[in-house]
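Chemist: I'd like to ask some things about the structure below.
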Amino acid sequence: KNQVEQSPQSLIILEGKNCTLQCNYTVSPFSNLRWYKQDTGRGPVSLTIMTFSENTKSNGRYTATLDADTKQSSLHITASQLSDSASYICVVHNAGNMLTFGGGTRLMVKP
Amino acid sequence: GAVVSQHPSRVICKSGTSVKIECRSLDFQATTMFWYRQFPKQSLMLMATSNEGSKATYEQGVEKDKFLINHASLTLSTLTVTSAHPEDSSFYICSAFSGTVETQYFGPGTRLLVL
């Protein structure tokens, strides 16, 4: 069964601090893994897309890693800002054009 | 970048009425559109997959007669919630896919409140 597990479920950090979100998956056959940011009441916005051969990809203060052997990904946020408060969703896309969503991590950045 | 729009952004209706939600891909042709539902503090749940010109494929547990999906063109898909009830109140999100790995974008969502 295709599954995507994210941890932690929620996280509170102080502004300016770094944090790392985790994503483990069992989707097969794997096509790509995406991290999305979803603000409350808005649609998800893509942060990074990683294919099988990519280990690291950065988008500003967001850096995603992928270990295809262990089927793990992480999203590292550097120097957090209040606007980073949102849900971060890990989505794995299989070769059959199906998406499997993780449960998301709700991040709150406090001043 | 590519944009997907949804209309309306929010709607309030009385129980028993039908509501239509539009999803448009504004600058690319979407061979496939997906409809999701999201309850508060939960992840997106796929309702159905819609391919242009063919019948939608519904996920298990989603009533196709209640959630009517029409994908009449490569830039427009509609979701109609028929005879809406308060338990249908949710956040409905579409995504559009052009066929290439990189091109899948989510709409901004439609918040439905059924009184």
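By order of appearance in the structure tokens: chains A, B, ..., then residues from 1 within every chain, and ligands from 1 in the order shown.
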For chain A, report every residue with an atom at most 7 Å from chain B (counting only C-alpha atoms), formatted as a VMD selection string.
Modeler: chain A and resid 42 to 45 103 to 104
Chemist: Identify, on the basis of only C-alpha atoms, every residue whose closest approach to Ile12 (chain B) does not exceed 8 Å; exclude the query and any residue fewer than 6 positions from it along the same chain; express the result as a list of chain:residue names.
Modeler: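 After dropping sequence-adjacent residues, the list is B:Leu112, B:Leu113, B:Val114, B:Leu115.
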Chemist: In Å, how far is it from CA of Asp27 (chain B) to CA of His7 (chain B)?
Modeler: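 It comes out at 16.3 Å.
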Chemist: Quote the spacing between CA of Arg37 (chain B) and CA of Ser90 (chain B) in Å to one decimal place.
Modeler: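 That distance, rounded to one decimal, is 6.6 Å.
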Chemist: Near Val109 (chain A), within 7 Å and counting only C-alpha atoms, which residues show up once chain neighbours fewer than 5 positions away are dropped, as a list in words?
Modeler: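 My list of contacting residues is Ile12, Ile13, Leu14, Glu15, Gln81, Leu82, Asp84 and Ser85 of chain A.
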Chemist: Please, which residues of chain B, numbered as in this document, come out strand (DSSP E) from DSSP, as a PyMOL selection string?
Modeler: chain B and resi 4-7+10-13+19-25+32-38+45-51+57-58+67-73+76-81+90-97+104-106+110-114
Chemist: Separation of CA of Leu33 (chain A) and CA of Lys57 (chain A), in Å?
Modeler: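 It comes out at 11.3 Å.
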